[in-house]
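First the structure, in the form of structure tokens, and then the observations on it.
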There are 2 protein chains.
Amino acid sequence: MAASLVTIVCINQPMSTSSPSSPVTIRDVAHAAGVHVSTVSRALSPEKRSLISDEVLRVVEEAAQRLGYRPNRAASALRTGRTHTIGVLVPDITNAVFPPILQGIEASAAARGYFVFVTNVVDPALARPVLERMLAQRVDGVILATATRDDPLVDFVAKAGMTAVLVNRADETGRLPAVVSDDRLAMKLAVDHLVGLGHKRIAHLAGPQNIPTGVGRRLGLEQALRDHRMKPLRVVECESYSREAGAAAMRQMLEAGPAPQAVVCCNDLVALGAYDALRQAGLRVPKDISVTGHNDMPLVDMVDPPLTTIRLPHRELGWRAAEMLFEEIDGRAMSASTVVLRPELVVRKSTGAPAAR
Amino acid sequence: MAASLVTIVCINQPMSTSSPSSPVTIRDVAHAAGVHVSTVSRALSPEKRSLISDEVLRVVEEAAQRLGYRPNRAASALRTGRTHTIGVLVPDITNAVFPPILQGIEASAAARGYFVFVTNVVDPALARPVLERMLAQRVDGVILATATRDDPLVDFVAKAGMTAVLVNRADETGRLPAVVSDDRLAMKLAVDHLVGLGHKRIAHLAGPQNIPTGVGRRLGLEQALRDHRMKPLRVVECESYSREAGAAAMRQMLEAGPAPQAVVCCNDLVALGAYDALRQAGLRVPKDISVTGHNDMPLVDMVDPPLTTIRLPHRELGWRAAEMLFEEIDGRAMSASTVVLRPELVVRKSTGAPAAR
DNA sequence: GGGTTTCATGCAATCGTTTGCATGATCTTA
DNA sequence: TAAGATCATGCAAACGATTGCATGAAACCC
């Protein structure tokens, strides 16, 4: 009787995971396989399975398979303290820079069986509560794409003993490892290109100076010009990395004096904002003024005129950040280091030789 | 003595969360407050706190605050079966449609203290293992932005008894609640606009017909034309929702016979691909041919010419989907319903009166 | 003022895994 | 062949929070 009942159950559950709600635990598997729960636990753990005989291994795996067993991560997390979960903070997920970064992070995480909490931290003041919740959730680590200069968050993370990595924006104090793009090189590429075209009066629409990339790129530009014994004609700081801010800054720049021959923008959106302002002022790109961007976001090759810009390896930025984080989580931590990736110049139609005087 | 010792401890830990690593448990709080753990648990639970006297409440809260206590979600999850966690599957996070949807989801989740696992499911075949891992992770629910027609995933989700909501793409069998945009109305807006401009020969670059939106928009277009006693001049199906596929489809359409006066595209990217193919063929937009898109993704107002398109309330799509999911999780489930949101026509420069014969 | 209700809190079991230690079986070696 | 080494498995105690039930005290009622 009992045997036939079991058979019937098997028929009703032909494949795994077909039960409507499956509270099938390790205990059920142990029972079905006729072994102790600890044996099941070991048999199903990649590290411990070598302790188990092939015979038992087979039986356990078959039983687990048949019952559709999935270990309860919450229980495992409670026991081991590891949740197989990381958190990511981004300032604005709709900014085209971040999706590829997230993609890279997620790819790395998925390959290791990790899940990624993505949080969109609109207001910097909200970052701390988010991190506290992540602490409660016992994430194994966090990746911050939100760091500002002297960010109190870096402090918080360090104090709380979270393992963390910064991406896209570095920590100047070097307390946290980071993966960034080489802003100096990026600006050198842009400047060399413009100087090569014959430009003399080069201006800069700088990013917010409380964000590392804002400062880094401005310094990079100044250095690159210095290498040519030049100085920026003018530098205007944008309120934010947005089209509106770029337009406003460009207007301000035009009002401040004679128009530059070329303007290097901290960011593609800012460059597009500059387009808006220039068009409004009746200036043509690149005939009257050359413009460069930064990031090579999607579609900037479709705008009018197609934007000359700096391409960043965003996906790899994310990937590398995640890999670093996992190394740290697994204990084989490198000394807190900064990885600098190489950007690349993409020449399109927004830059050209300066108009003859 | 004891009292002064406590004071010293307070000084050493001036604020909460300043300990480097804080394995402070509910037991520690109970001890510090001189009560039982169960009392602490109740005092710190919004629902149960009414059971506790004001006096004890104060003491417990003070102790929890002082020690920097954060309940361990893993333990809580194990006991209650609720993880305060949801999963989201998107087909391609770098597609500009999805970030605003994610933003909406995340906003709703954050407001409820939930975290969101975001997974980028490149290959549909990978969706199932991802869902299985989410099952193991014991997420409280999932939001799928990946549904294809007759998606086996919908089956899987239903069978596994997961609470789930679809977003952006509906389930035609109606087994799962969904939040979508009104494709019929969208196509009616586009068609009425073109017909109003005087177009007669209207063609369609259709989306993949294994994706609900691909079919829905094609049917919507045909219906809208029928309302004007017209038929599509020609319909070409795109391989995917991408610029390359759009260009290829447009080339195919031009080869198939006389050029249409206007082409309604299933998607902005496809429309931009059509731009590429048309430019290559020496046709001008909108002078020779009008083009409409769908989604109003960022920057399509900056391309040449600015694209006339349909704006979808993407952020609200995500928000509503999350709200529905939470309602279901909390048990006050509506009957599996589909919420249809209203799109809106954005007229720019890619549509105009047809050229005189 | 004795009996009953109400209230605040304590007790202890439980959720599902993991893992150090114990145990017994098998194998090795002199 | 006895003593030790090796191996596979079982036992049971965690991990930290939640919650039904028990308990004792205070409040209430007639």
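The chains in the structure tokens are called A, B, ... from first to last as shown; in each chain the residues are counted from 1, and the ligands are counted from 1 in the order shown.
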Original post:
Which neighbours of Val35 (chain B) fall inside 10 Å, counting only C-alpha atoms (C1' of nucleotides), when residues of the same chain fewer than 5 positions from it are skipped, and could you give them as a ChimeraX atom specification?
Top reply: /B:27,29-30,40,56,59-60 /C:9-10
Original post:
What is the Cα root-mean-square deviation, to one decimal place in Å, for chain B superposed on chain A with all Cα atoms matched in order?
Top reply: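 Rounded to one decimal, the C-alpha RMSD is 0.4 Å.
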Original post:
Can you list, as a VMD selection string, every residue of region 62-309 of chain B that DSSP puts in strand (DSSP E or B)?
Top reply: chain B and resid 85 to 90 115 to 120 141 to 144 164 to 167 178 to 181 202 to 206 235 to 237 262 to 265 290 to 292 295 303 308 to 309
Taking only residues of chain C that have an atom at most 9 Å from an atom of chain B, what is each one's shortest atom pair and its distance in Å to one decimal, using only C-alpha atoms (C1' of nucleotides), in chain and number order, as CSV?
```
residue,atom,partner,partner_atom,distance
C:DC7,C1',B:Leu51,CA,8.3
C:DA8,C1',B:Ile52,CA,6.4
C:DT9,C1',B:Thr39,CA,6.8
C:DG10,C1',B:His36,CA,6.6
C:DT14,C1',B:Arg79,CA,7.5
C:DC15,C1',B:Arg79,CA,4.3
C:DG16,C1',B:Leu78,CA,7.4
```
Requested write-out: C-alpha atoms (C1' of nucleotides) of the selected residues, as a PDB file, in the first residue's frame:
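Just written: result-v9.pdb:
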```pdb
ATOM      1  C1'  DC C   7      -3.328  43.556  30.461  1.00  0.00           C
ATOM      2  C1'  DA C   8       1.745  43.222  30.172  1.00  0.00           C
ATOM      3  C1'  DT C   9       5.299  40.223  29.973  1.00  0.00           C
ATOM      4  C1'  DG C  10       7.870  35.780  30.071  1.00  0.00           C
ATOM      5  C1'  DT C  14      10.049  26.887  15.794  1.00  0.00           C
ATOM      6  C1'  DC C  15      11.708  28.301  11.017  1.00  0.00           C
ATOM      7  C1'  DG C  16      15.732  25.272   7.666  1.00  0.00           C
TER       8       DG C  16
END
```
**OP:** Could you give me the residues within region 72-320 of chain A that DSSP places in helix (DSSP H, G or I), as JSON, numbers by chain?
**Re:** {"A": [73, 74, 75, 76, 77, 78, 79, 80, 98, 99, 100, 101, 102, 103, 104, 105, 106, 107, 108, 109, 110, 111, 124, 125, 126, 127, 128, 129, 130, 131, 132, 133, 134, 135, 136, 152, 153, 154, 155, 156, 157, 158, 159, 183, 184, 185, 186, 187, 188, 189, 190, 191, 192, 193, 194, 195, 196, 197, 212, 213, 214, 215, 216, 217, 218, 219, 220, 221, 222, 223, 224, 225, 226, 227, 243, 244, 245, 246, 247, 248, 249, 250, 251, 252, 253, 254, 255, 268, 269, 270, 271, 272, 273, 274, 275, 276, 277, 278, 279, 280, 314, 315, 316, 317, 318, 319, 320]}
Would you mind exporting the chosen residues as a short mmCIF file (atom, residue, chain, number, x, y, z; two decimals), in the first residue's frame, restricted to C-alpha atoms?
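Produced file result27.cif, reproduced below:
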```cif
data_model
loop_
_atom_site.label_atom_id
_atom_site.label_comp_id
_atom_site.auth_asym_id
_atom_site.auth_seq_id
_atom_site.Cartn_x
_atom_site.Cartn_y
_atom_site.Cartn_z
CA ARG A 73 18.61 30.87 1.37
CA ALA A 74 17.18 32.61 4.41
CA ALA A 75 18.03 29.67 6.63
CA SER A 76 21.42 29.32 5.06
CA ALA A 77 22.05 33.02 5.51
CA LEU A 78 21.07 32.85 9.14
CA ARG A 79 23.47 30.03 9.81
CA THR A 80 26.42 31.16 7.74
CA PHE A 98 24.42 53.55 -15.29
CA PRO A 99 22.50 50.80 -17.05
CA PRO A 100 25.63 49.37 -18.69
CA ILE A 101 27.42 49.55 -15.37
CA LEU A 102 24.56 47.68 -13.73
CA GLN A 103 24.65 45.18 -16.55
CA GLY A 104 28.30 44.50 -15.88
CA ILE A 105 27.70 44.15 -12.16
CA GLU A 106 24.75 41.89 -12.66
CA ALA A 107 26.59 39.67 -15.11
CA SER A 108 29.42 39.15 -12.68
CA ALA A 109 27.01 38.53 -9.82
CA ALA A 110 24.84 36.10 -11.73
CA ALA A 111 27.87 34.06 -12.69
CA PRO A 124 21.93 61.98 -1.36
CA ALA A 125 20.37 62.36 2.07
CA LEU A 126 18.48 59.14 1.45
CA ALA A 127 21.62 57.15 0.84
CA ARG A 128 22.34 56.54 4.47
CA PRO A 129 18.97 55.03 5.39
CA VAL A 130 19.27 52.86 2.31
CA LEU A 131 22.65 51.62 3.47
CA GLU A 132 21.26 50.95 6.93
CA ARG A 133 18.52 48.85 5.44
CA MET A 134 21.12 46.98 3.46
CA LEU A 135 23.00 46.40 6.65
CA ALA A 136 19.86 44.92 8.16
CA PRO A 152 30.12 60.95 4.52
CA LEU A 153 28.83 57.69 3.11
CA VAL A 154 32.34 56.40 2.60
CA ASP A 155 32.88 57.08 6.26
CA PHE A 156 29.72 55.30 7.21
CA VAL A 157 30.54 52.28 5.11
CA ALA A 158 34.05 52.05 6.51
CA LYS A 159 32.86 52.43 10.11
CA ASP A 183 39.64 61.27 -16.70
CA ARG A 184 43.08 62.77 -17.32
CA LEU A 185 43.61 60.66 -20.39
CA ALA A 186 40.09 61.34 -21.59
CA MET A 187 40.62 65.07 -21.48
CA LYS A 188 44.00 64.72 -23.12
CA LEU A 189 42.39 62.87 -25.99
CA ALA A 190 39.77 65.58 -26.43
CA VAL A 191 42.23 68.45 -26.14
CA ASP A 192 44.81 66.89 -28.47
CA HIS A 193 42.09 66.32 -31.03
CA LEU A 194 40.92 69.93 -30.86
CA VAL A 195 44.41 71.39 -30.86
CA GLY A 196 45.23 69.16 -33.81
CA LEU A 197 42.32 70.73 -35.66
CA PRO A 212 34.99 63.46 -8.26
CA THR A 213 34.53 63.22 -12.01
CA GLY A 214 33.69 66.91 -12.17
CA VAL A 215 36.98 67.86 -10.58
CA GLY A 216 38.98 65.14 -12.28
CA ARG A 217 37.94 66.16 -15.73
CA ARG A 218 38.52 69.83 -15.11
CA LEU A 219 42.01 69.15 -13.81
CA GLY A 220 42.63 66.80 -16.71
CA LEU A 221 41.61 69.46 -19.19
CA GLU A 222 43.81 72.06 -17.59
CA GLN A 223 46.77 69.70 -17.57
CA ALA A 224 46.23 68.68 -21.19
CA LEU A 225 46.11 72.32 -22.24
CA ARG A 226 49.18 73.08 -20.19
CA ASP A 227 50.98 70.38 -22.15
CA ARG A 243 20.87 68.87 -20.41
CA GLU A 244 19.22 71.82 -18.71
CA ALA A 245 22.28 72.56 -16.66
CA GLY A 246 24.43 72.30 -19.77
CA ALA A 247 22.25 74.76 -21.63
CA ALA A 248 22.31 77.19 -18.75
CA ALA A 249 26.07 76.95 -18.40
CA MET A 250 26.58 77.45 -22.11
CA ARG A 251 24.41 80.55 -22.09
CA GLN A 252 26.40 81.86 -19.19
CA MET A 253 29.60 81.19 -21.07
CA LEU A 254 28.43 83.05 -24.15
CA GLU A 255 27.41 86.04 -22.06
CA ASP A 268 27.20 64.14 -23.24
CA LEU A 269 24.02 65.49 -21.73
CA VAL A 270 25.75 68.74 -20.95
CA ALA A 271 27.04 68.84 -24.51
CA LEU A 272 23.52 68.37 -25.83
CA GLY A 273 22.36 71.15 -23.55
CA ALA A 274 25.13 73.23 -25.07
CA TYR A 275 23.73 72.38 -28.50
CA ASP A 276 20.40 73.79 -27.37
CA ALA A 277 21.92 77.02 -26.13
CA LEU A 278 24.13 77.43 -29.20
CA ARG A 279 21.26 76.86 -31.58
CA GLN A 280 19.27 79.42 -29.67
CA HIS A 314 30.91 51.34 -18.73
CA ARG A 315 30.02 47.72 -18.78
CA GLU A 316 33.54 46.73 -17.88
CA LEU A 317 33.57 49.35 -15.15
CA GLY A 318 30.66 47.56 -13.53
CA TRP A 319 32.07 44.12 -14.16
CA ARG A 320 35.44 44.94 -12.65
#
```
Subject >> Proximal residues of chain D relative to chain A (only C-alpha atoms (C1' of nucleotides); 8 Å) as a ChimeraX atom specification >> reply: /D:8-10,14-16
Can you write out the residues you just picked, keeping N, CA and C atoms (P, O5', C5', C4', C3', O3' and C1' of nucleotides), as a compact mmCIF listing (two decimals), in the first residue's frame?
```
# COMPACT_ATOMS: atom_id res chain seq x y z
P DA D 8 35.03 8.69 2.06
O5' DA D 8 33.68 8.37 2.83
C5' DA D 8 33.19 7.04 2.82
C4' DA D 8 32.01 6.95 3.76
C3' DA D 8 30.89 7.95 3.48
O3' DA D 8 29.68 7.23 3.46
C1' DA D 8 31.58 8.11 5.75
P DT D 9 28.35 7.99 3.04
O5' DT D 9 27.77 8.39 4.46
C5' DT D 9 27.27 7.37 5.31
C4' DT D 9 27.08 7.92 6.69
C3' DT D 9 25.97 8.95 6.85
O3' DT D 9 24.84 8.29 7.38
C1' DT D 9 27.86 9.36 8.26
P DG D 10 23.48 9.06 7.73
O5' DG D 10 23.64 9.30 9.29
C5' DG D 10 23.83 8.17 10.14
C4' DG D 10 24.02 8.64 11.58
C3' DG D 10 22.91 9.56 12.11
O3' DG D 10 22.63 9.18 13.45
C1' DG D 10 25.00 10.66 12.30
P DA D 14 24.91 25.62 21.68
O5' DA D 14 23.70 26.23 20.85
C5' DA D 14 23.76 27.55 20.37
C4' DA D 14 24.47 27.60 19.02
C3' DA D 14 23.99 28.81 18.22
O3' DA D 14 25.08 29.71 18.11
C1' DA D 14 23.77 26.75 16.96
P DC D 15 24.87 31.18 18.50
O5' DC D 15 24.37 31.86 17.16
C5' DC D 15 25.06 31.69 15.93
C4' DC D 15 24.10 31.98 14.81
C3' DC D 15 23.04 33.00 15.19
O3' DC D 15 23.50 34.29 14.79
C1' DC D 15 22.15 31.17 13.91
P DG D 16 23.44 35.48 15.86
O5' DG D 16 21.94 35.98 15.72
C5' DG D 16 21.52 36.48 14.47
C4' DG D 16 20.02 36.61 14.51
C3' DG D 16 19.49 37.42 15.69
O3' DG D 16 18.59 38.35 15.15
C1' DG D 16 18.34 35.37 15.50
```
Original post:
Got a sec: who's within 12 Å of Pro260 (chain B), counting only C-alpha atoms (C1' of nucleotides), leaving out chain neighbours fewer than 5 positions off, as a PyMOL selection string?
Top reply: chain B and resi 199-205+232-235+250+253-255+278+283+286+288-291+354-355
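Using only C-alpha atoms (C1' of nucleotides), the contacts of Gly293 (chain A) at a cut-off of 7 Å, with sequence neighbours closer than 2 positions omitted, comprise A:Val264, A:Cys265, A:Cys266, A:Asn267, A:Asp268, A:Ala271, A:Val291, A:Asn295, A:Leu307, A:Thr308, A:Thr309, A:Ile310.
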Original post:
Neighbours of DT28 (chain C) within 9 Å (only C-alpha atoms (C1' of nucleotides); same-chain residues fewer than 2 positions away dropped), as a ChimeraX atom specification?
Top reply: /D:4-6
Using the selection just defined, write its residues with C-alpha atoms (C1' of nucleotides) as a PDB file, in the first residue's frame.
```pdb
ATOM      1  C1'  DG D   4      46.026   2.811  14.683  1.00  0.00           C
ATOM      2  C1'  DA D   5      44.649   5.658  10.657  1.00  0.00           C
ATOM      3  C1'  DT D   6      41.159   6.874   7.498  1.00  0.00           C
TER       4       DT D   6
END
```
Subject >> Å distance separating CA of Ala281 (chain B) from CA of Gln261 (chain B), one decimal place >> reply: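 That distance, rounded to one decimal, is 14.6 Å.
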Original post:
Please, what distance in Å, to one decimal, runs between CA of Val346 (chain A) and CA of Asp296 (chain A)?
Top reply: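 Going from CA of Val346 (chain A) over to CA of Asp296 (chain A), I get 7.9 Å.
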Subject >> Closest of C:DA25, C:DA12, C:DT17, C:DA30 to DC21 (chain D) - atom-to-atom distances counting only C-alpha atoms (C1' of nucleotides) >> reply: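 Nearest candidate to DC21 (chain D) out of C:DA25, C:DA12, C:DT17, C:DA30: C:DA12.
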**OP:** Please provide the set of residues having any atom within 12 Å of DA13 (chain D), restricted to only C-alpha atoms (C1' of nucleotides), with same-chain residues fewer than 4 positions apart removed, written as a ChimeraX atom specification.
**Re:** /A:79 /C:18-21
For the residues in the current selection, export N, CA and C atoms (P, O5', C5', C4', C3', O3' and C1' of nucleotides) as a compact mmCIF listing (two decimals), in the first residue's frame.
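Result went into again_7.txt, see below:
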```txt
# COMPACT_ATOMS: atom_id res chain seq x y z
N ARG A 79 22.43 30.88 9.24
CA ARG A 79 23.47 30.03 9.81
C ARG A 79 24.88 30.52 9.45
P DT C 18 23.15 24.80 3.86
O5' DT C 18 24.06 24.83 5.16
C5' DT C 18 24.45 26.08 5.68
C4' DT C 18 25.25 25.91 6.95
C3' DT C 18 26.55 25.12 6.80
O3' DT C 18 27.56 25.90 7.42
C1' DT C 18 25.30 24.28 8.60
P DT C 19 29.08 25.68 7.14
O5' DT C 19 29.58 24.89 8.42
C5' DT C 19 29.37 25.47 9.71
C4' DT C 19 29.75 24.48 10.79
C3' DT C 19 30.93 23.58 10.43
O3' DT C 19 31.72 23.43 11.60
C1' DT C 19 29.12 22.26 11.07
P DG C 20 33.30 23.48 11.49
O5' DG C 20 33.71 23.04 12.97
C5' DG C 20 33.22 23.78 14.10
C4' DG C 20 33.01 22.85 15.28
C3' DG C 20 34.17 21.89 15.55
O3' DG C 20 34.28 21.72 16.96
C1' DG C 20 32.22 20.64 15.05
P DC C 21 35.46 20.89 17.60
O5' DC C 21 34.73 19.53 17.96
C5' DC C 21 33.57 19.55 18.79
C4' DC C 21 32.91 18.20 18.77
C3' DC C 21 33.87 17.02 19.02
O3' DC C 21 33.42 16.31 20.16
C1' DC C 21 32.41 16.59 17.19
```
Subject >> Residues near DA27 (chain D), cut-off 12 Å, only C-alpha atoms (C1' of nucleotides), skip fewer than 3 positions along chain, as an MDAnalysis selection string >> reply: chainID C and resid 4:7
